[in-house]
Amino acid sequence: MATVEEVRICRSCGHIDPVDSRGRCPVCGVFFELAIMPRAEAERLARQRRRHKVRRRGVYLFLATAVIVGVTVWAVRVFFDLGVDPPKATTSISADIAPHTWAQIRRTPDNSGFITDPAPYPHRIRWTYHTTKPLLASPAVVEPYVYLTTGDGRTLALDRHTGQAVWEYQSGGPSSSTPAVAGGMVIFAIRPGRVIALDRLTGERRWETDLKHPVLASPIVVQGTVYIGAADKNLYALDAATGRQRWAFAAKDWVVAPVAYAEGRVIVASRHSRMHVVGAETGTERLIYETGLGRHLGSGVAIQGNRAYFGSVRGRVWAIDWQATTYPLERAILFWKSNLFLWGVLSAPPVQKATVWITSIRGDVVHTPAIAHNMVYVTTTRGKVEALDSAAGTRRWSADLGVDITAAPTVAGATVLIGTKDGVVFGLEAYTGELLWEFKTPGTIGASPIAVGDTMYVVSSDGTLYAITGAE
């Protein structure tokens, strides 16, 4: 009978030694996985270990390659806007920002809410236009017309000097949308969810897009694209010439405030506690900024330079660098750093990326700020007006009007215009906060007063648009 050769094998790595070898495995260093067995069985086990090692290396290589490819694809899309792009805009039209013009909500695409035209002292009412339902949206004013959406399902062009209706379009639904005037069109939304474009001179329909969900926001038009949010938690980019959808971005909650645009980026605040910056051409997310638990964003964003300004409920005003980028894992790292601070491991709370300054004020900030004269003008629902230094966030002045504020502030020349629940429009001196004048209407002011040329336009819940001028 032939003698069976026995050897010592490491079950962990498959290394074979003579049977009389001692000590740990010279390859992997283990001790407890060593065994004595016939050479044939040991060689079979060694082959199995080698195959297993090759397979394991293949899996690791595959996973590493997948991660590298994923990060590369993300980086390419984020930094270079490459990859599969949505359809391009077919025109380059934008809402007019010429002097003596207010062509869309907040006037400029960066949502400044500012015009150099001085607000008139409200000496007399030049004309009024009456409707049967409350008016909830400011008009747009582009020579020679004033464009108005109504609560009784109409969109109108009014003669800027007389208030007489030039044309009327039956939209079939109420609107809280300020029209945007661009490229010979008037573009607006009605609450049932349709976005409509009309010829600005005749009122004839050019196109109509049904978003199939309620729309409370107003559109802005920049470089051939209409940007507007809806109640299905999406921000939509529509081709301004045709109304066809270019892309949609999931904002995680209702978008009811106008978005802001600057240098190829769109900034959107939803009703949640997150602010998103997305690429205007692709809808790709570039930055996420969290305001924290319970600090929901009640307003839109206003931009000046590389800073974006917005407010939240529970009395915070934020200035952030909107050009920053959120990289993979950064939010997870911030989450754990925040928890380590709460647990007492870290001595100071982490500062969220893109933060420039945060200022606390008393009251909920639910309206879009206005920016002018190197100041950020914010309001609270309980009647407080704050002027903050745009660079540092320090308080320049504060005024308490003693009545609920129901519309976003605007600035005309050196006057801050504030609309209130009891129907009063206040004019405050922009540099000091001094009360200059008051104008009373029978209804709540639910949309921002604006001033264009020598006229101030005020909409009221009594269903009336007021055109107000100073002394002749």
# chains A, B, ... in the order shown; residues from 1 in each chain; ligands from 1
>>> residues_around(residues="Trp397 of chain A", least_positions_apart="4", cutoff="9 Å", atoms="only C-alpha atoms", output="MDAnalysis selection string")
chainID A and resid 385:388 431:433
>>> residues_around(residues="Gly203 of chain A", least_positions_apart="3", cutoff="12 Å", atoms="only C-alpha atoms", output="JSON, numbers by chain")
{"A": [145, 147, 148, 154, 155, 156, 157, 158, 165, 166, 167, 168, 169, 170, 171, 184, 185, 186, 187, 196, 197, 198, 199, 200, 206, 207]}
>>> residues_around(residues="segment 86-103 of chain A", least_positions_apart="2", cutoff="6 Å", atoms="only C-alpha atoms", output="JSON list (two decimals) with C-alpha atoms, in the first residue's frame")
[["chain", "number", "residue", "atom", "x", "y", "z"],
["A", 107, "ARG", "CA", -39.09, 93.10, -11.80],
["A", 140, "ALA", "CA", -46.90, 93.97, -15.04],
["A", 141, "VAL", "CA", -46.34, 97.35, -16.67],
["A", 142, "VAL", "CA", -44.77, 97.60, -20.12],
["A", 180, "ALA", "CA", -44.29, 88.06, -17.42],
["A", 181, "VAL", "CA", -43.97, 90.13, -20.60],
["A", 182, "ALA", "CA", -41.27, 88.94, -23.01],
["A", 183, "GLY", "CA", -40.75, 88.70, -26.75],
["A", 221, "VAL", "CA", -38.69, 84.50, -18.32],
["A", 222, "VAL", "CA", -34.94, 84.42, -18.92],
["A", 223, "GLN", "CA", -32.98, 83.47, -22.06],
["A", 224, "GLY", "CA", -35.88, 81.80, -23.82],
["A", 239, "ASP", "CA", -39.63, 76.81, -23.77],
["A", 246, "ARG", "CA", -37.45, 71.47, -21.24],
["A", 452, "VAL", "CA", -43.45, 102.63, -12.58],
["A", 453, "GLY", "CA", -42.81, 106.06, -14.04]]
>>> atom_distance(atom1="atom CA of Ala392 of chain A", atom2="atom CA of Glu290 of chain A")
20.3 Å
>>> closest_residue(among="A:Pro328, A:Pro109, A:Pro120, A:Gly279", to="Thr455 of chain A", atoms="only C-alpha atoms")
A:Pro120
>>> residues_around(residues="Glu429 of chain A", least_positions_apart="5", cutoff="9 Å", atoms="only C-alpha atoms", output="JSON, numbers by chain")
{"A": [414, 415, 416, 434, 435, 436]}
>>> closest_residue(among="A:Arg39, A:Ile450, A:Pro192, A:Thr469", to="Pro139 of chain A", atoms="only C-alpha atoms")
A:Ile450
>>> residues_around(residues="Arg314 of chain A", least_positions_apart="4", cutoff="7 Å", atoms="only C-alpha atoms", output="ChimeraX atom specification")
/A:295,363-364
>>> atom_distance(atom1="atom CA of Lys337 of chain A", atom2="atom CA of Ile320 of chain A")
20.0 Å
>>> select_by_dssp(residues="segment 117-228 of chain A", states="strand (DSSP E)", output="number ranges by chain")
A: 124-130, 140-142, 145-149, 154-159, 165-170, 180-182, 185-189, 194-199, 205-210, 220-222, 225-228
>>> residues_around(residues="Asp110 of chain A", least_positions_apart="3", cutoff="8 Å", atoms="only C-alpha atoms", output="JSON, numbers by chain")
{"A": [260, 261, 262, 302, 303, 304]}
>>> write_last_selection(atoms="N, CA and C atoms", output="JSON list (two decimals), in the first residue's frame")
[["chain", "number", "residue", "atom", "x", "y", "z"],
["A", 260, "ALA", "N", -35.47, 82.63, -8.55],
["A", 260, "ALA", "CA", -34.52, 83.68, -8.92],
["A", 260, "ALA", "C", -33.49, 83.10, -9.88],
["A", 261, "TYR", "N", -32.98, 83.95, -10.76],
["A", 261, "TYR", "CA", -32.02, 83.52, -11.77],
["A", 261, "TYR", "C", -30.81, 84.43, -11.74],
["A", 262, "ALA", "N", -29.61, 83.82, -11.88],
["A", 262, "ALA", "CA", -28.38, 84.60, -12.01],
["A", 262, "ALA", "C", -27.30, 83.73, -12.63],
["A", 302, "ALA", "N", -33.86, 86.35, -3.12],
["A", 302, "ALA", "CA", -33.38, 87.51, -3.87],
["A", 302, "ALA", "C", -31.86, 87.44, -3.95],
["A", 303, "ILE", "N", -31.31, 87.85, -5.08],
["A", 303, "ILE", "CA", -29.87, 87.71, -5.32],
["A", 303, "ILE", "C", -29.24, 89.07, -5.55],
["A", 304, "GLN", "N", -28.05, 89.25, -5.00],
["A", 304, "GLN", "CA", -27.21, 90.40, -5.31],
["A", 304, "GLN", "C", -25.77, 89.91, -5.35]]
>>> residues_around(residues="Ala217 of chain A", least_positions_apart="4", cutoff="8 Å", atoms="only C-alpha atoms", output="ChimeraX atom specification")
/A:176-177,189,228-230,255-258
>>> atom_distance(atom1="atom CA of Thr325 of chain A", atom2="atom CA of Asn111 of chain A")
21.5 Å
